[in-house]
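Undergrad: Got a structure for you, model00.txt, holding compact mmCIF, C-alpha atoms.
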# COMPACT_ATOMS: atom_id res chain seq x y z
CA MET S 1 23.44 19.08 -8.96
CA MET S 2 24.21 21.74 -6.33
CA LYS S 3 21.34 23.87 -7.66
CA GLN S 4 19.01 20.97 -6.94
CA LEU S 5 20.30 20.41 -3.40
CA VAL S 6 20.73 23.96 -2.05
CA PRO S 7 16.96 24.57 -1.60
CA ILE S 8 16.60 21.37 0.44
CA SER S 9 19.92 21.50 2.30
CA ALA S 10 18.25 22.56 5.57
CA LEU S 11 15.88 19.59 5.41
CA LEU S 12 18.74 17.21 4.64
CA LEU S 13 20.61 18.67 7.63
CA GLY S 14 17.57 18.12 9.85
CA SER S 15 17.26 14.53 8.66
CA GLY S 16 20.96 13.92 9.18
CA LEU S 17 20.83 15.24 12.74
CA LEU S 18 17.76 13.10 13.48
CA LEU S 19 19.50 9.96 12.18
CA PHE S 20 22.78 10.78 13.95
CA ALA S 21 20.93 10.96 17.26
CA GLY S 22 19.00 7.82 16.34
CA GLY S 23 22.27 5.99 15.64
CA ILE S 24 23.57 6.84 19.12
CA HIS S 25 20.23 6.01 20.73
CA GLY S 26 19.90 2.64 19.02
CA LEU S 27 23.39 1.47 20.01
CA ILE S 28 23.91 2.96 23.46
CA LEU S 29 20.88 1.10 24.85
CA PRO S 30 22.03 -2.48 24.13
CA VAL S 31 25.65 -1.64 25.00
CA ARG S 32 24.76 0.01 28.30
CA GLY S 33 21.98 -2.49 29.05
CA SER S 34 24.34 -5.42 28.56
CA ALA S 35 26.87 -3.76 30.89
CA GLU S 36 24.10 -3.28 33.47
CA GLY S 37 23.28 -6.98 33.36
CA PHE S 38 19.98 -6.82 31.49
CA SER S 39 18.94 -10.18 30.08
CA ALA S 40 18.96 -10.75 26.33
CA SER S 41 15.18 -11.16 26.37
CA SER S 42 14.81 -7.74 28.03
CA LEU S 43 17.12 -6.18 25.44
CA GLY S 44 15.13 -7.88 22.69
CA LEU S 45 11.99 -6.26 24.04
CA LEU S 46 13.62 -2.88 23.41
CA GLY S 47 13.37 -3.68 19.71
CA THR S 48 9.79 -4.88 20.11
CA GLY S 49 8.83 -1.67 21.92
CA TRP S 50 10.53 0.48 19.32
CA ALA S 51 8.78 -1.34 16.46
CA ILE S 52 5.36 -0.98 18.13
CA GLY S 53 5.95 2.75 18.52
CA TYR S 54 7.28 3.08 14.98
CA VAL S 55 4.25 1.38 13.41
CA ALA S 56 1.92 3.49 15.55
CA GLY S 57 3.79 6.62 14.49
CA CYS S 58 3.39 5.79 10.79
CA LEU S 59 -0.36 5.37 11.32
CA ILE S 60 -1.07 8.27 13.69
CA ALA S 61 1.38 10.99 12.61
CA PRO S 62 -0.68 12.00 9.54
CA ARG S 63 -3.64 12.78 11.84
CA LEU S 64 -1.47 14.85 14.18
CA VAL S 65 -0.05 16.84 11.28
CA GLY S 66 -3.55 17.40 9.94
CA ALA S 67 -4.62 18.76 13.33
CA VAL S 68 -1.72 21.06 14.28
CA GLY S 69 0.56 21.28 11.24
CA HIS S 70 4.00 20.05 10.21
CA ILE S 71 6.22 22.38 12.24
CA ARG S 72 4.42 21.96 15.57
CA THR S 73 4.23 18.19 15.18
CA PHE S 74 7.90 17.91 14.25
CA GLY S 75 8.83 19.99 17.29
CA VAL S 76 6.80 17.74 19.57
CA MET S 77 8.35 14.60 18.08
CA SER S 78 11.90 15.89 18.46
CA ALA S 79 11.25 17.08 22.02
CA PHE S 80 9.75 13.78 23.14
CA ALA S 81 12.59 11.84 21.47
CA ALA S 82 15.04 13.91 23.54
CA VAL S 83 12.99 13.40 26.69
CA SER S 84 12.84 9.65 26.08
CA ILE S 85 16.61 9.13 25.97
CA LEU S 86 17.11 11.36 29.00
CA LEU S 87 14.56 9.29 30.92
CA GLN S 88 16.45 6.16 29.97
CA ALA S 89 19.62 7.69 31.40
CA LEU S 90 17.82 8.51 34.65
CA ILE S 91 15.83 5.27 35.09
CA VAL S 92 18.15 2.37 34.31
CA GLU S 93 15.55 -0.39 34.52
CA PRO S 94 14.49 -2.80 31.76
CA TRP S 95 10.74 -2.14 32.12
CA ALA S 96 11.22 1.62 31.89
CA TRP S 97 13.54 1.38 28.90
CA ILE S 98 11.08 -0.83 27.00
CA VAL S 99 8.14 1.54 27.52
CA VAL S 100 10.16 4.66 26.74
CA ARG S 101 11.70 3.01 23.66
CA ALA S 102 8.20 2.68 22.23
CA VAL S 103 7.75 6.43 22.69
CA SER S 104 11.00 7.12 20.86
CA GLY S 105 9.96 4.80 18.01
CA PHE S 106 6.71 6.73 17.67
CA CYS S 107 8.54 10.06 17.63
CA PHE S 108 11.15 8.88 15.16
CA ALA S 109 8.54 7.67 12.68
CA GLY S 110 6.56 10.91 12.87
CA ALA S 111 9.63 13.14 12.55
CA ALA S 112 11.01 11.17 9.61
CA MET S 113 7.66 11.27 7.81
CA ILE S 114 7.47 15.06 8.18
CA VAL S 115 11.00 15.59 6.81
CA GLU S 116 10.27 13.28 3.88
CA SER S 117 6.94 14.99 3.20
CA TRP S 118 8.70 18.34 3.08
CA LEU S 119 11.38 17.00 0.73
CA ASN S 120 8.74 15.42 -1.49
CA ASP S 121 6.95 18.77 -1.75
CA ARG S 122 10.14 20.63 -2.69
CA VAL S 123 11.58 18.34 -5.38
CA GLN S 124 10.71 18.29 -9.06
CA PRO S 125 9.94 15.03 -10.91
CA ASN S 126 13.14 15.28 -12.95
CA THR S 127 15.31 15.62 -9.80
CA ARG S 128 13.51 13.07 -7.63
CA GLY S 129 16.00 10.26 -8.22
CA THR S 130 18.97 12.48 -7.37
CA VAL S 131 17.32 13.79 -4.22
CA MET S 132 16.34 10.28 -3.08
CA GLY S 133 19.91 9.08 -3.61
CA VAL S 134 21.40 11.99 -1.65
CA TYR S 135 18.78 11.62 1.09
CA THR S 136 19.59 7.91 1.43
CA MET S 137 23.33 8.64 1.53
CA VAL S 138 22.87 11.35 4.19
CA ASN S 139 20.74 9.08 6.37
CA LEU S 140 23.05 6.07 6.19
CA SER S 141 26.12 8.23 6.80
CA ALA S 142 24.45 9.89 9.78
CA VAL S 143 23.38 6.58 11.34
CA THR S 144 26.88 5.18 10.89
CA ALA S 145 28.49 8.29 12.36
CA GLY S 146 26.17 8.15 15.36
CA GLN S 147 26.93 4.48 15.97
CA MET S 148 30.69 4.91 15.55
CA SER S 149 30.75 7.88 17.92
CA ILE S 150 29.98 5.42 20.73
CA SER S 151 33.55 4.15 20.49
CA LEU S 152 34.98 7.61 21.33
CA GLY S 153 33.91 7.84 24.97
CA ASP S 154 32.73 6.13 28.13
CA THR S 155 29.38 4.37 27.70
CA SER S 156 28.93 3.83 31.43
CA GLY S 157 28.03 7.46 32.14
CA PHE S 158 25.52 10.09 31.09
CA MET S 159 27.47 11.61 28.18
CA PHE S 160 26.09 9.78 25.14
CA PHE S 161 22.51 10.02 26.40
CA ALA S 162 22.96 13.79 26.72
CA ILE S 163 24.64 14.13 23.30
CA ALA S 164 21.79 12.28 21.59
CA ALA S 165 19.21 14.43 23.40
CA ILE S 166 21.00 17.61 22.29
CA VAL S 167 21.15 16.47 18.67
CA TYR S 168 17.47 15.46 18.71
CA CYS S 169 16.67 19.04 19.76
CA LEU S 170 18.97 20.53 17.10
CA ALA S 171 17.16 18.46 14.44
CA LEU S 172 14.03 20.58 14.82
CA VAL S 173 15.84 23.86 14.03
CA PRO S 174 15.82 23.60 10.18
CA THR S 175 12.06 23.03 10.01
CA ALA S 176 11.31 25.54 12.78
CA LEU S 177 13.14 28.28 10.85
CA SER S 178 11.67 27.34 7.50
CA THR S 179 9.76 30.15 5.78
CA SER S 180 8.23 27.93 3.12
CA ALA S 181 4.58 26.99 3.15
CA SER S 182 3.60 23.72 4.79
CA PRO S 183 3.78 20.80 2.37
CA THR S 184 0.96 18.55 1.29
CA PRO S 185 -0.62 16.26 3.92
CA LEU S 186 1.30 13.15 4.91
CA VAL S 187 0.60 9.84 3.22
CA SER S 188 -2.07 7.99 5.19
CA VAL S 189 -1.80 4.21 5.18
CA LYS S 190 -4.80 1.97 5.71
CA LEU S 191 -3.55 -1.58 5.98
CA GLU S 192 -5.47 -4.00 3.76
CA PRO S 193 -3.84 -7.43 4.24
CA ARG S 194 -6.24 -9.31 1.99
CA ALA S 195 -5.67 -6.92 -0.89
CA LEU S 196 -1.91 -7.09 -0.41
CA TRP S 197 -2.09 -10.89 -0.32
CA ARG S 198 -4.04 -11.00 -3.57
CA ASN S 199 -1.52 -8.64 -5.11
CA SER S 200 1.52 -10.77 -4.16
CA PRO S 201 1.63 -13.58 -1.57
CA VAL S 202 5.43 -13.79 -1.88
CA ALA S 203 5.84 -10.13 -0.99
CA VAL S 204 3.61 -10.42 2.10
CA VAL S 205 5.31 -13.54 3.49
CA ALA S 206 8.83 -12.39 2.61
CA VAL S 207 8.50 -8.88 4.03
CA PHE S 208 7.13 -10.28 7.31
CA LEU S 209 10.07 -12.68 7.59
CA VAL S 210 12.56 -9.96 6.65
CA GLY S 211 11.05 -7.86 9.44
CA ILE S 212 11.71 -10.70 11.89
CA SER S 213 15.28 -11.21 10.67
CA ASN S 214 16.37 -7.60 10.26
CA ALA S 215 14.82 -6.30 13.47
CA SER S 216 16.31 -9.18 15.45
CA PHE S 217 19.73 -8.34 14.16
CA GLY S 218 19.29 -4.56 14.37
CA THR S 219 18.25 -4.79 18.01
CA LEU S 220 20.61 -7.47 19.30
CA ALA S 221 23.72 -7.23 17.10
CA ALA S 222 25.54 -5.18 19.73
CA VAL S 223 24.53 -7.65 22.44
CA TYR S 224 25.86 -10.55 20.36
CA ALA S 225 29.12 -8.73 19.67
CA ASP S 226 29.58 -7.86 23.32
CA ARG S 227 28.95 -11.42 24.49
CA VAL S 228 31.45 -12.94 22.07
CA GLY S 229 34.08 -10.62 23.49
CA LEU S 230 34.50 -7.82 20.91
CA THR S 231 35.82 -4.43 21.96
CA LEU S 232 33.61 -1.33 21.98
CA THR S 233 35.01 -0.11 18.64
CA ALA S 234 34.45 -3.53 17.09
CA ILE S 235 30.89 -3.58 18.47
CA ALA S 236 30.18 -0.25 16.75
CA LEU S 237 31.65 -1.61 13.50
CA PHE S 238 29.64 -4.81 13.90
CA ALA S 239 26.46 -2.72 13.96
CA SER S 240 27.48 -0.25 11.24
CA ILE S 241 29.17 -2.36 8.56
CA PRO S 242 26.05 -4.43 7.71
CA VAL S 243 23.95 -1.32 6.99
CA LEU S 244 26.60 0.16 4.70
CA ALA S 245 27.17 -3.21 2.99
CA GLY S 246 23.43 -3.53 2.41
CA ALA S 247 23.31 -0.08 0.83
CA LEU S 248 26.22 -0.90 -1.50
CA ALA S 249 24.73 -4.27 -2.45
CA GLN S 250 21.43 -2.76 -3.58
CA MET S 251 22.79 -1.51 -6.90
CA PRO S 252 24.08 -4.85 -8.32
CA ILE S 253 21.17 -6.77 -6.79
CA GLY S 254 18.70 -4.26 -8.21
CA PHE S 255 20.38 -4.57 -11.64
CA ALA S 256 19.94 -8.35 -11.49
CA SER S 257 16.33 -8.18 -10.29
CA ASP S 258 15.37 -5.86 -13.16
CA ARG S 259 16.53 -8.53 -15.63
CA LEU S 260 15.62 -11.79 -13.88
CA ASP S 261 12.66 -13.11 -11.97
CA ARG S 262 12.80 -11.02 -8.78
CA ARG S 263 11.71 -14.04 -6.75
CA LYS S 264 14.81 -15.95 -7.88
CA VAL S 265 17.01 -13.00 -6.96
CA LEU S 266 15.31 -12.90 -3.56
CA VAL S 267 15.99 -16.62 -3.06
CA ALA S 268 19.65 -16.19 -4.05
CA THR S 269 20.03 -13.26 -1.66
CA ALA S 270 18.37 -15.24 1.15
CA ILE S 271 20.74 -18.18 0.50
CA VAL S 272 23.72 -15.83 0.95
CA ALA S 273 22.20 -14.61 4.22
CA LEU S 274 21.56 -18.22 5.29
CA ALA S 275 25.20 -19.14 4.57
CA ALA S 276 26.33 -16.28 6.83
CA ASP S 277 23.80 -17.38 9.50
CA LEU S 278 25.21 -20.90 9.46
CA ALA S 279 28.79 -19.63 9.61
CA PHE S 280 28.02 -17.66 12.76
CA VAL S 281 26.32 -20.68 14.38
CA LEU S 282 28.69 -23.47 13.27
CA LEU S 283 32.02 -21.65 13.26
CA ALA S 284 31.29 -19.47 16.31
CA PRO S 285 33.91 -16.86 15.29
CA GLU S 286 35.55 -15.02 18.16
CA GLY S 287 38.13 -12.82 16.42
CA ARG S 288 37.38 -9.26 15.31
CA MET S 289 38.21 -9.73 11.62
CA GLU S 290 36.23 -12.96 11.18
CA ASN S 291 33.15 -11.43 12.77
CA LEU S 292 33.34 -8.22 10.75
CA VAL S 293 33.80 -10.03 7.42
CA LEU S 294 30.92 -12.38 8.11
CA VAL S 295 28.62 -9.61 9.30
CA GLY S 296 29.44 -7.60 6.17
CA VAL S 297 28.27 -10.48 3.98
CA PHE S 298 25.23 -10.94 6.19
CA GLY S 299 24.30 -7.25 6.00
CA ALA S 300 24.79 -7.07 2.24
CA ALA S 301 22.16 -9.79 1.92
CA ILE S 302 19.57 -8.93 4.56
CA PHE S 303 19.43 -5.19 3.91
CA ALA S 304 19.07 -5.67 0.15
CA MET S 305 16.00 -7.92 0.48
CA TYR S 306 13.47 -5.24 1.39
CA PRO S 307 13.71 -3.21 -1.87
CA ILE S 308 13.54 -6.44 -3.93
CA ILE S 309 10.29 -7.35 -2.19
CA VAL S 310 8.80 -3.88 -2.67
CA ALA S 311 9.77 -3.87 -6.35
CA HIS S 312 8.25 -7.35 -6.81
CA ALA S 313 4.97 -6.26 -5.23
CA ASN S 314 4.84 -3.11 -7.35
CA ASP S 315 5.37 -5.19 -10.49
CA HIS S 316 1.89 -6.57 -9.85
CA ALA S 317 0.20 -3.43 -8.56
CA PRO S 318 -2.28 -1.49 -10.71
CA PRO S 319 -1.21 1.94 -11.97
CA GLY S 320 -1.28 4.63 -9.32
CA SER S 321 -1.20 2.28 -6.31
CA SER S 322 2.53 1.89 -5.64
CA ILE S 323 2.43 4.11 -2.55
CA GLN S 324 -0.41 2.11 -1.00
CA VAL S 325 1.36 -1.18 -1.73
CA SER S 326 4.73 0.04 -0.42
CA GLY S 327 3.11 1.55 2.68
CA GLY S 328 1.15 -1.62 3.38
CA LEU S 329 4.27 -3.76 3.06
CA LEU S 330 6.07 -1.44 5.45
CA MET S 331 3.36 -2.03 8.04
CA ILE S 332 3.69 -5.81 7.65
CA PHE S 333 7.46 -5.41 7.94
CA GLY S 334 6.74 -3.54 11.17
CA PHE S 335 4.70 -6.42 12.57
CA GLY S 336 7.61 -8.76 11.84
CA SER S 337 9.88 -6.26 13.58
CA ILE S 338 7.69 -6.50 16.67
CA ILE S 339 7.97 -10.29 16.86
CA GLY S 340 11.59 -10.81 15.78
CA PRO S 341 13.51 -9.18 18.65
CA LEU S 342 11.25 -10.88 21.19
CA ILE S 343 11.96 -14.34 19.75
CA ALA S 344 15.69 -13.67 19.31
CA GLY S 345 15.99 -12.27 22.84
CA VAL S 346 14.40 -15.35 24.35
CA MET S 347 16.64 -17.59 22.21
CA MET S 348 19.77 -15.73 23.31
CA SER S 349 18.72 -15.91 26.95
CA GLY S 350 18.23 -19.67 26.63
CA ILE S 351 21.18 -20.83 24.52
CA GLY S 352 23.58 -17.91 24.35
CA PRO S 353 24.68 -15.50 21.58
CA ARG S 354 24.13 -17.95 18.72
CA GLY S 355 20.39 -17.79 19.48
CA LEU S 356 20.33 -14.57 17.44
CA PHE S 357 21.43 -16.31 14.28
CA LEU S 358 19.29 -19.38 14.91
CA THR S 359 16.35 -16.97 14.77
CA THR S 360 17.50 -15.48 11.46
CA ILE S 361 18.16 -18.98 10.10
CA ALA S 362 14.52 -19.91 10.71
CA ALA S 363 13.30 -16.73 8.97
CA HIS S 364 15.56 -17.20 5.94
CA VAL S 365 14.78 -20.91 5.52
CA LEU S 366 11.04 -20.22 5.58
CA MET S 367 11.47 -17.42 3.04
CA ILE S 368 13.51 -19.62 0.68
CA VAL S 369 11.12 -22.57 0.89
CA TYR S 370 7.96 -20.51 0.40
CA THR S 371 9.37 -18.42 -2.46
CA ILE S 372 10.63 -21.50 -4.33
CA TRP S 373 7.20 -23.07 -3.90
CA ARG S 374 5.56 -19.98 -5.38
CA ILE S 375 8.02 -19.89 -8.29
CA GLY S 376 6.86 -23.37 -9.23
CA ARG S 377 3.20 -22.30 -9.22
CA SER S 378 3.25 -19.09 -11.24
CA ALA S 379 5.17 -17.47 -14.06
CA ALA S 380 7.52 -14.53 -13.67
CA VAL S 381 6.45 -11.00 -14.63
CA PRO S 382 7.71 -10.12 -18.15
CA ALA S 383 10.65 -7.71 -18.09
CA THR S 384 8.61 -5.15 -20.04
CA ASP S 385 5.97 -5.06 -17.30
CA LYS S 386 8.36 -4.57 -14.39
CA SER S 387 8.43 -1.43 -12.30
CA ALA S 388 11.80 0.21 -11.72
CA PHE S 389 13.90 -1.08 -8.82
CA GLN S 390 14.63 1.78 -6.45
CA ILE S 391 17.46 1.95 -3.96
CA THR S 392 16.03 2.75 -0.57
CA VAL S 393 16.97 2.95 3.07
CA PRO S 394 16.71 -0.26 5.13
CA GLY S 395 13.16 -1.06 6.20
CA ARG S 396 13.64 0.03 9.83
CA LEU S 397 14.48 3.54 8.56
CA ALA S 398 11.68 3.73 5.98
CA THR S 399 8.22 5.29 6.34
CA PRO S 400 5.20 5.49 4.02
CA GLU S 401 6.51 8.91 3.00
CA THR S 402 9.71 7.24 1.77
CA ALA S 403 7.67 5.52 -0.93
CA ALA S 404 6.18 8.86 -1.97
CA LEU S 405 9.60 10.53 -2.03
CA ALA S 406 11.06 7.64 -4.04
CA GLY S 407 8.53 8.72 -6.59
CA GLY S 408 5.71 6.73 -8.07
CA GLU S 409 6.11 8.12 -11.55
CA ASP S 410 2.43 7.59 -12.26
CA GLU S 411 1.22 9.59 -9.25
CA ASP S 412 0.99 13.35 -9.20
CA GLN S 413 -0.26 13.36 -5.62
CA PRO S 414 0.12 10.69 -2.93
CA LEU S 415 -3.02 8.61 -2.55
CA GLU S 416 -4.49 7.27 0.61
CA ALA S 417 -4.44 3.50 0.78
CA GLY S 418 -7.76 2.20 -0.43
CA GLU S 419 -8.34 5.11 -2.81
CA THR S 420 -8.80 4.31 -6.50
CA PRO S 421 -6.39 6.25 -8.75
CA ALA S 422 -8.18 8.90 -10.76
CA GLY S 423 -8.87 7.92 -14.31
CA SER S 424 -8.19 4.20 -13.87
CA GLU S 425 -10.84 1.91 -15.28
CA PRO S 426 -11.82 -1.29 -13.48
CA GLU S 427 -10.70 -3.33 -16.46
CA ALA S 428 -7.26 -1.74 -16.42
CA ALA S 429 -6.83 -2.32 -12.72
CA GLU S 430 -7.89 -5.94 -12.99
CA ALA S 431 -5.67 -6.51 -16.01
CA SER S 432 -2.61 -5.59 -13.96
CA ALA S 433 -3.36 -8.00 -11.10
CA ASP S 434 -0.59 -10.22 -9.80
CA HIS S 435 0.68 -13.04 -12.01
CA ASP S 436 2.07 -14.42 -8.76
CA ALA S 437 -1.42 -15.19 -7.47
CA ALA S 438 -3.38 -15.47 -10.71
CA ALA S 439 -3.12 -19.24 -10.95
CA GLU S 440 -5.01 -19.65 -7.70
CA ARG S 441 -8.07 -17.51 -8.25
CA GLU S 442 -10.93 -17.63 -10.77
CA PRO S 443 -12.57 -15.33 -11.57
CA ARG S 444 -10.02 -12.58 -10.99
CA GLU S 445 -10.55 -10.76 -7.71
CA LYS S 446 -10.11 -7.10 -6.86
CA VAL S 447 -6.70 -5.55 -6.29
CA PRO S 448 -5.26 -2.88 -3.98
CA GLY S 449 -6.76 0.51 -4.68
CA ARG S 450 -10.25 -0.94 -5.19
CA GLU S 451 -12.91 -1.61 -2.58
CA ASP S 452 -13.33 -5.21 -1.47
Please express the file's structure as structure tokens.

TA:
Amino acid sequence: MMKQLVPISALLLGSGLLLFAGGIHGLILPVRGSAEGFSASSLGLLGTGWAIGYVAGCLIAPRLVGAVGHIRTFGVMSAFAAVSILLQALIVEPWAWIVVRAVSGFCFAGAAMIVESWLNDRVQPNTRGTVMGVYTMVNLSAVTAGQMSISLGDTSGFMFFAIAAIVYCLALVPTALSTSASPTPLVSVKLEPRALWRNSPVAVVAVFLVGISNASFGTLAAVYADRVGLTLTAIALFASIPVLAGALAQMPIGFASDRLDRRKVLVATAIVALAADLAFVLLAPEGRMENLVLVGVFGAAIFAMYPIIVAHANDHAPPGSSIQVSGGLLMIFGFGSIIGPLIAGVMMSGIGPRGLFLTTIAAHVLMIVYTIWRIGRSAAVPATDKSAFQITVPGRLATPETAALAGGEDEDQPLEAGETPAGSEPEAAEASADHDAAAEREPREKVPGRED
């Protein structure tokens, strides 16, 4: 295993540093903003700004890399990420933080895509699963370490802003010193909502709602924890435990979804999340232990939904189109991430901390109702036709390059969304169209990877 990892250790280090700084950045803002008296709606807009920048980065970064190359683009992204957090330390105003947070979201998406592109170019097909697992572990560990570091110092000063800026700059060193040739161009995603809808309506609706739920929680969890009276260490745990619980839950949930109708597994997972939502709203826990146990259950459910949805959509995708489908779903997830924190912030401003979980309740109820309705209208995909479930980072940390790194086993090179896989016949592509939507269309329509 070490022989597989040594050649990519510098890239893994760069990714870890990037995520460590991102963990500090993502938590220091709501903690400091809450202490400064920012309203919950203003803090929610931080998540909206970040999601707008992140989606824009996923769409624009491939063009920047094509124009000036991987190393220069990565350097620019890291530098602007450092500048953004320093500006937020200097200008402690909600409007400035929201605008600058969008810049940092853009930079984070571009930098992550470049690291993943480089990793994808360096790994062999037979080691891809191992590398993806290690990469995921490094990223989650780095995010958690960054978040937990907040509990070790004073959040009212400049220190954590400066530390994050320093680490953002250090993250560019591994790629800047690399002597290897530039990797293949980044995956370019062209969003095709109609094609994605024909492929799997459940995946489109569910991933949008998961974006609302997960981004609401990811942005405002620290604000909720602060306003129910948790200490700084408990706030950091409240933000970190759900991500780790979601990562651990993916293996048993993935095992179940490979053997059962994935839609039923998604409904069961959403019911667990809904139970945790209701517990937060109805029980209004105030103690540290009660909150951490409940948020662990909540995180195990919400952060395991995204890979189920991607696997379900890929079950219906024609051969060679998994990257386009996964990338398109990520963009829809991003749109949900734009809306979710805005709604949750307004709810928290109006009715207090429980407004966060009332927002997630609405998202999870809609997901359960719609998915059950779809289960009653179409048959499940046979187990022999299912794609492999792949453990992945939570959606807010994923990029279109993550799908390429995870490894479509039927793709030798990443395809641009909208491009027909080489060698695929129209009949073959149409034959693999979604069972989930087949009952509602006659004759069969085109699928992702084919022109509308």

Undergrad: Counting only C-alpha atoms, I want the residues whose atoms come within 9 Å of (19.1, -7.4, 19.1) in the file frame, returned as a PyMOL selection string.

TA: chain S and resi 30+40+43-47+215-224+340-342+344-345+356

Undergrad: Taking all atoms listed in the file into account, which of S:Val205, S:Ala304, S:Asn291, S:Ala313 comes nearest S:Ile368?

TA: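 Going through S:Val205, S:Ala304, S:Asn291, S:Ala313 one by one, the smallest distance to S:Ile368 is for S:Val205.
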
Undergrad: Between atom CA of S:Ala176 and atom CA of S:Phe74, what is the distance in Å, rounded to a tenth?

TA: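 Straight-line distance from atom CA of S:Ala176 to atom CA of S:Phe74 works out to 8.5 Å.
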
Undergrad: For atom CA of S:Ala142 and atom CA of S:Gly16, quote the distance in Å rounded to one decimal.

TA: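 Interatomic distance here is 5.4 Å.
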
Undergrad: List as a PyMOL selection string the protein and nucleic acid residues near S:Ala82, meaning an atom at most 7 Å away when only C-alpha atoms are counted, but skip any in the same chain fewer than 4 places from it.

TA: chain S and resi 78+86+165+168-169

Undergrad: If I take atom CA of S:Phe280 and atom CA of S:Gly33, how far is one from the other in Å, to one decimal?

TA: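 Taking atom CA of S:Phe280 and atom CA of S:Gly33, their separation equals 23.1 Å.
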
Undergrad: Restricting the calculation to all atoms listed in the file: of S:Gly355, S:Ile8, S:Gly287, S:Ala379, which residue gets closest to S:Thr127?

TA: S:Ile8

Undergrad: Looking at S:Gly211, S:Pro62, S:Pro193, S:Pro201, which one is nearest to S:Arg377, with distances taken over all atoms listed in the file?

TA: S:Pro201

Undergrad: Go through S:Gly110, S:Pro382, S:Gly299, S:Pro94 one by one, measure the shortest atom-to-atom distance of each to S:Arg259 using all atoms listed in the file, and give the residue with the smallest value.

TA: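 The closest residue to S:Arg259 is S:Pro382.
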
Undergrad: Can you list, as a count of residues only, every protein, DNA or RNA residue that comes within 9 Å of stretch 331-339 of chain S when you count all atoms listed in the file, leaving out same-chain residues fewer than 6 positions away?

TA: 32
